[in-house]
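Okay, so here's the structure we're looking at.
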Amino acid sequence: MVLTDAFDWLTCRADQTIHAVVTDPPYALVEYSPEQLEKRRNGNGGVWRIPPAFDGCRRSPLPRFTVLSEAHKGCMREFFARLAQELERVLTPGGHVFIATNPLVSYLVYEPFIAAGFEPRGEVVRLVQTLRGGDRPKNAEDEFRTVTVMPRSCWEPWGLFRKPCEGRVMDNLRKWGTGGLRRVSEDKPFKDVIRSGVARGKEREIAPHPSLKPQQFMRQIVSASLPLGQGVILDPFMGSGATIAAASACGLKSIGLEVNREYYEMAVRAVPQLVRLECS
Ligand SMILES: C[S@@+](CC[C@H](N)C(=O)[O-])C[C@H]1O[C@@H](n2cnc3c(N)ncnc32)[C@H](O)[C@@H]1O
């Protein structure tokens, strides 16, 4: 785990030395800025929306992507274009990228990855109740009781990309150990729909990051990302280290980068404890 800006680190990394990327990047690009994190702490708006109480449970704030301006969207495209170019260089041929996104902004990620030379390999659907959408029109809830402004989101897309192989998949697997995805077992292929709860309880106590991903889901993704179980997985935006813990729990090598000192230190404390958690 390294306390660094991902782009500074990537610029210095040698070509073709990473075998897979599994990451949950910042989205609004502003949501992890000091001002927005302060607004989140104070519970007063900004890009962090406080969701309504649901089934009597208080939920954590969610980043609100409907407030993004055209200028922000342009910045996101540039951010992901730069990321895709760097990842394309450091990945081995046949290396896969799993990148968490959401249905409102996924197109701003996918286009730059394809433009950088990656092959689109579909999406992994994480079935999860996110509490995004599903509300009646604001301040006119009683007038429009039968209306929902946006669908209540029940899934999270993870973009799946591959750097083109050198020759056939079998040639690439022999030379680089990459090009395919690891099966769940000999008779079960990796599937692109995965049922997943939100991270809660013990995991949240160990790693109270606003975007913590659950180990049960992350272990399935990291395991799929290295078809022969060999090589190095990179998470350039590791937050509290969910990818790194999942890789370690699966006996895989990984590198995690984080720019925020508080989250980096959280990851250093959390990863050994997350690794020890049992997941069904
Ligand atoms: C969505 S969160 C990832 C959370 C992670 N999935 C977890 O389970 O803890 C994105 C993380 O990227 C970090 N980040 C933002 N810009 C970065 C950069 N340029 N380099 C490295 N980390 C960055 C943020 O501080 C934040 O912790």
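In the structure tokens, the first chain shown is A, the next is B, and so on; residue numbers restart at 1 for each chain, and ligands run from 1 in the order shown.
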
Please identify the residues whose atoms come within 7 Å of ligand 1, using only C-alpha atoms and all ligand atoms, and report them as an mmCIF file with N, CA, C and O atoms, in the first residue's frame.
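Written output follows (selection16.cif):
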data_model
loop_
_atom_site.group_PDB
_atom_site.id
_atom_site.type_symbol
_atom_site.label_atom_id
_atom_site.label_comp_id
_atom_site.auth_asym_id
_atom_site.auth_seq_id
_atom_site.Cartn_x
_atom_site.Cartn_y
_atom_site.Cartn_z
ATOM 1 N N THR A 4 0.093 7.952 -2.076
ATOM 2 C CA THR A 4 0.563 8.688 -3.256
ATOM 3 C C THR A 4 -0.615 9.075 -4.140
ATOM 4 O O THR A 4 -1.689 8.466 -4.059
ATOM 5 N N ASP A 5 -0.379 10.052 -5.002
ATOM 6 C CA ASP A 5 -1.338 10.332 -6.072
ATOM 7 C C ASP A 5 -1.174 9.233 -7.133
ATOM 8 O O ASP A 5 -0.048 8.929 -7.555
ATOM 9 N N ALA A 6 -2.290 8.647 -7.542
ATOM 10 C CA ALA A 6 -2.227 7.515 -8.475
ATOM 11 C C ALA A 6 -1.490 7.895 -9.763
ATOM 12 O O ALA A 6 -0.718 7.087 -10.301
ATOM 13 N N PHE A 7 -1.715 9.101 -10.240
ATOM 14 C CA PHE A 7 -1.112 9.473 -11.530
ATOM 15 C C PHE A 7 0.403 9.637 -11.395
ATOM 16 O O PHE A 7 1.144 9.282 -12.309
ATOM 17 N N THR A 23 -10.797 -1.541 -9.412
ATOM 18 C CA THR A 23 -10.827 -0.251 -8.727
ATOM 19 C C THR A 23 -12.212 0.369 -8.678
ATOM 20 O O THR A 23 -13.073 0.094 -9.517
ATOM 21 N N ASP A 24 -12.375 1.228 -7.689
ATOM 22 C CA ASP A 24 -13.609 1.975 -7.426
ATOM 23 C C ASP A 24 -13.164 3.442 -7.365
ATOM 24 O O ASP A 24 -12.771 3.913 -6.294
ATOM 25 N N PRO A 25 -13.155 4.128 -8.514
ATOM 26 C CA PRO A 25 -12.516 5.451 -8.553
ATOM 27 C C PRO A 25 -13.407 6.538 -7.955
ATOM 28 O O PRO A 25 -14.600 6.320 -7.762
ATOM 29 N N PRO A 26 -12.824 7.727 -7.707
ATOM 30 C CA PRO A 26 -13.670 8.849 -7.310
ATOM 31 C C PRO A 26 -14.504 9.243 -8.524
ATOM 32 O O PRO A 26 -14.031 9.114 -9.649
ATOM 33 N N TYR A 32 -14.268 13.778 -2.990
ATOM 34 C CA TYR A 32 -13.249 13.547 -1.971
ATOM 35 C C TYR A 32 -12.372 14.773 -1.751
ATOM 36 O O TYR A 32 -11.313 14.690 -1.149
ATOM 37 N N HIS A 209 -15.010 3.814 5.696
ATOM 38 C CA HIS A 209 -14.824 4.679 4.515
ATOM 39 C C HIS A 209 -16.203 4.889 3.883
ATOM 40 O O HIS A 209 -17.002 3.946 3.823
ATOM 41 N N SER A 211 -17.177 4.905 0.912
ATOM 42 C CA SER A 211 -17.478 4.075 -0.257
ATOM 43 C C SER A 211 -16.971 2.646 -0.084
ATOM 44 O O SER A 211 -16.568 2.010 -1.061
ATOM 45 N N LEU A 212 -16.996 2.140 1.125
ATOM 46 C CA LEU A 212 -16.470 0.785 1.370
ATOM 47 C C LEU A 212 -17.246 -0.256 0.555
ATOM 48 O O LEU A 212 -18.471 -0.275 0.556
ATOM 49 N N LYS A 213 -16.510 -1.129 -0.128
ATOM 50 C CA LYS A 213 -17.131 -2.241 -0.881
ATOM 51 C C LYS A 213 -17.016 -3.522 -0.054
ATOM 52 O O LYS A 213 -16.009 -3.743 0.620
ATOM 53 N N PRO A 236 -5.666 1.629 -8.048
ATOM 54 C CA PRO A 236 -5.075 2.977 -7.940
ATOM 55 C C PRO A 236 -5.840 3.897 -6.990
ATOM 56 O O PRO A 236 -5.331 4.967 -6.651
ATOM 57 N N PHE A 237 -7.052 3.517 -6.574
ATOM 58 C CA PHE A 237 -7.875 4.366 -5.687
ATOM 59 C C PHE A 237 -8.398 3.484 -4.555
ATOM 60 O O PHE A 237 -9.586 3.228 -4.450
ATOM 61 N N MET A 238 -7.501 3.024 -3.685
ATOM 62 C CA MET A 238 -7.867 1.896 -2.805
ATOM 63 C C MET A 238 -8.758 2.275 -1.643
ATOM 64 O O MET A 238 -9.341 1.399 -1.008
ATOM 65 N N GLY A 239 -8.886 3.590 -1.302
ATOM 66 C CA GLY A 239 -9.694 3.957 -0.142
ATOM 67 C C GLY A 239 -9.215 3.197 1.079
ATOM 68 O O GLY A 239 -8.013 3.197 1.400
ATOM 69 N N SER A 240 -10.122 2.479 1.736
ATOM 70 C CA SER A 240 -9.743 1.767 2.959
ATOM 71 C C SER A 240 -9.218 0.363 2.678
ATOM 72 O O SER A 240 -9.054 -0.433 3.600
ATOM 73 N N GLY A 241 -8.996 0.040 1.402
ATOM 74 C CA GLY A 241 -8.253 -1.186 1.082
ATOM 75 C C GLY A 241 -9.082 -2.435 0.843
ATOM 76 O O GLY A 241 -8.570 -3.545 0.946
ATOM 77 N N ALA A 242 -10.355 -2.274 0.448
ATOM 78 C CA ALA A 242 -11.213 -3.456 0.252
ATOM 79 C C ALA A 242 -10.626 -4.395 -0.822
ATOM 80 O O ALA A 242 -10.651 -5.626 -0.658
ATOM 81 N N THR A 243 -10.088 -3.829 -1.910
ATOM 82 C CA THR A 243 -9.508 -4.674 -2.975
ATOM 83 C C THR A 243 -8.275 -5.409 -2.464
ATOM 84 O O THR A 243 -8.073 -6.606 -2.747
ATOM 85 N N LEU A 257 -3.052 2.148 -4.021
ATOM 86 C CA LEU A 257 -2.591 3.544 -3.945
ATOM 87 C C LEU A 257 -3.706 4.393 -3.348
ATOM 88 O O LEU A 257 -4.887 4.183 -3.673
ATOM 89 N N GLU A 258 -3.349 5.332 -2.497
ATOM 90 C CA GLU A 258 -4.358 6.228 -1.917
ATOM 91 C C GLU A 258 -3.701 7.577 -1.636
ATOM 92 O O GLU A 258 -2.617 7.641 -1.073
ATOM 93 N N VAL A 259 -4.403 8.657 -2.025
ATOM 94 C CA VAL A 259 -3.816 9.991 -1.906
ATOM 95 C C VAL A 259 -4.144 10.651 -0.563
ATOM 96 O O VAL A 259 -3.416 11.528 -0.113
ATOM 97 N N ASN A 260 -5.231 10.208 0.065
ATOM 98 C CA ASN A 260 -5.687 10.862 1.299
ATOM 99 C C ASN A 260 -5.071 10.132 2.508
ATOM 100 O O ASN A 260 -5.272 8.935 2.678
ATOM 101 N N TYR A 263 -7.418 8.083 4.822
ATOM 102 C CA TYR A 263 -7.884 6.804 4.274
ATOM 103 C C TYR A 263 -6.744 5.803 4.141
ATOM 104 O O TYR A 263 -6.926 4.598 4.339
#

(message) Using DSSP assignments from the backbone, pull out every residue in region 23-255 of chain A that falls under strand (DSSP E) and give it to me as a PyMOL selection string.
(response) chain A and resi 23+48-49+62-63+91-100+119-127+155-162+193-195+232-235+253-255

Could I get the residues of region 160-254 of chain A with an atom no further than 8 Å from an atom of region 113-117 of chain A, each paired with its nearest atom pair and that distance in Å to one decimal, using only C-alpha atoms, sorted by chain and residue number, as a tab-separated table?
residue	atom	partner	partner_atom	distance
A:Phe161	CA	A:Phe113	CA	7.7
A:Lys163	CA	A:Gly117	CA	7.1
A:Pro164	CA	A:Gly117	CA	7.8

(request) Kindly indicate which residue among A:Ala270, A:Leu91, A:Met1, A:Ile99 lies nearest to Ile18 (chain A), using only C-alpha atoms for the distances. (result)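 Once distances to Ile18 (chain A) are computed over only C-alpha atoms, the minimum belongs to A:Leu91.
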
(request) May I ask for the distance between CA of Ile233 (chain A) and CA of Cys154 (chain A), given in Å to one decimal place? (result)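 The value is 27.9 Å.
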
Taking only C-alpha atoms into account, produce a table as CSV in which each residue of region 241-279 of chain A with an atom at most 6 Å from an atom of region 216-224 of chain A appears once, together with its shortest atom pair and the distance in Å to one decimal, ordered by chain and rising number.
residue,atom,partner,partner_atom,distance
A:Ala246,CA,A:Arg219,CA,4.8
A:Ala247,CA,A:Val222,CA,5.9
A:Cys279,CA,A:Gln216,CA,5.4

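Interatomic distance, CA of Glu119 (chain A) against CA of Leu83 (chain A): 15.3 Å.
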
(request) Could you tell me, as an MDAnalysis selection string, which residues of region 136-277 of chain A DSSP assigns to alpha helix (DSSP H) when given the backbone? (result) chainID A and resid 169:176 202:206 215:225 242:249 261:276

Output C-alpha atoms of each residue in that selection to a file, as a PDB file, in the first residue's frame.
ATOM      1  CA  VAL A 169      -5.895 -16.196 -25.800  1.00  0.00           C
ATOM      2  CA  MET A 170      -3.915 -19.421 -25.186  1.00  0.00           C
ATOM      3  CA  ASP A 171      -0.690 -17.797 -26.439  1.00  0.00           C
ATOM      4  CA  ASN A 172      -1.286 -14.800 -24.217  1.00  0.00           C
ATOM      5  CA  LEU A 173      -2.072 -16.993 -21.185  1.00  0.00           C
ATOM      6  CA  ARG A 174       1.182 -18.907 -21.709  1.00  0.00           C
ATOM      7  CA  LYS A 175       3.316 -15.793 -22.130  1.00  0.00           C
ATOM      8  CA  TRP A 176       1.701 -13.294 -19.713  1.00  0.00           C
ATOM      9  CA  LYS A 202     -18.265  -5.563  11.326  1.00  0.00           C
ATOM     10  CA  GLU A 203     -16.764  -4.445   7.982  1.00  0.00           C
ATOM     11  CA  ARG A 204     -17.936  -0.856   8.493  1.00  0.00           C
ATOM     12  CA  GLU A 205     -16.568  -0.842  12.029  1.00  0.00           C
ATOM     13  CA  ILE A 206     -13.185  -1.993  10.720  1.00  0.00           C
ATOM     14  CA  GLN A 215     -15.476  -8.365   0.960  1.00  0.00           C
ATOM     15  CA  GLN A 216     -17.971 -11.003  -0.216  1.00  0.00           C
ATOM     16  CA  PHE A 217     -18.255  -9.185  -3.575  1.00  0.00           C
ATOM     17  CA  MET A 218     -14.642  -7.988  -3.878  1.00  0.00           C
ATOM     18  CA  ARG A 219     -13.218 -11.482  -3.350  1.00  0.00           C
ATOM     19  CA  GLN A 220     -15.213 -12.780  -6.336  1.00  0.00           C
ATOM     20  CA  ILE A 221     -13.977  -9.924  -8.541  1.00  0.00           C
ATOM     21  CA  VAL A 222     -10.289 -10.092  -7.634  1.00  0.00           C
ATOM     22  CA  SER A 223     -10.295 -13.861  -7.980  1.00  0.00           C
ATOM     23  CA  ALA A 224     -11.752 -13.576 -11.516  1.00  0.00           C
ATOM     24  CA  SER A 225      -9.245 -10.877 -12.514  1.00  0.00           C
ATOM     25  CA  ALA A 242     -11.213  -3.456   0.252  1.00  0.00           C
ATOM     26  CA  THR A 243      -9.508  -4.674  -2.975  1.00  0.00           C
ATOM     27  CA  ILE A 244      -6.178  -5.243  -1.254  1.00  0.00           C
ATOM     28  CA  ALA A 245      -7.798  -7.200   1.599  1.00  0.00           C
ATOM     29  CA  ALA A 246      -9.816  -9.291  -0.857  1.00  0.00           C
ATOM     30  CA  ALA A 247      -6.695 -10.074  -2.914  1.00  0.00           C
ATOM     31  CA  SER A 248      -4.771 -11.069   0.174  1.00  0.00           C
ATOM     32  CA  ALA A 249      -7.666 -13.267   1.394  1.00  0.00           C
ATOM     33  CA  ARG A 261      -3.579  10.248   4.432  1.00  0.00           C
ATOM     34  CA  GLU A 262      -6.599   9.541   6.659  1.00  0.00           C
ATOM     35  CA  TYR A 263      -7.884   6.804   4.274  1.00  0.00           C
ATOM     36  CA  TYR A 264      -4.394   5.427   3.690  1.00  0.00           C
ATOM     37  CA  GLU A 265      -3.911   5.002   7.451  1.00  0.00           C
ATOM     38  CA  MET A 266      -7.398   3.495   7.683  1.00  0.00           C
ATOM     39  CA  ALA A 267      -6.376   0.924   5.042  1.00  0.00           C
ATOM     40  CA  VAL A 268      -3.149   0.062   6.847  1.00  0.00           C
ATOM     41  CA  ARG A 269      -5.179  -0.683  10.006  1.00  0.00           C
ATOM     42  CA  ALA A 270      -8.181  -2.283   8.260  1.00  0.00           C
ATOM     43  CA  VAL A 271      -6.649  -4.632   5.674  1.00  0.00           C
ATOM     44  CA  PRO A 272      -5.283  -7.294   8.092  1.00  0.00           C
ATOM     45  CA  GLN A 273      -8.655  -7.366   9.891  1.00  0.00           C
ATOM     46  CA  LEU A 274     -10.722  -7.508   6.652  1.00  0.00           C
ATOM     47  CA  VAL A 275      -8.553 -10.388   5.420  1.00  0.00           C
ATOM     48  CA  ARG A 276      -9.518 -12.437   8.482  1.00  0.00           C
TER      49      ARG A 276
END

(request) Pick out the closest residue to Pro120 (chain A) from this set: A:Cys165, A:Ala140, A:Met150, A:Leu160. Count only C-alpha atoms. (result)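 Closest residue, counting only C-alpha atoms: A:Leu160.
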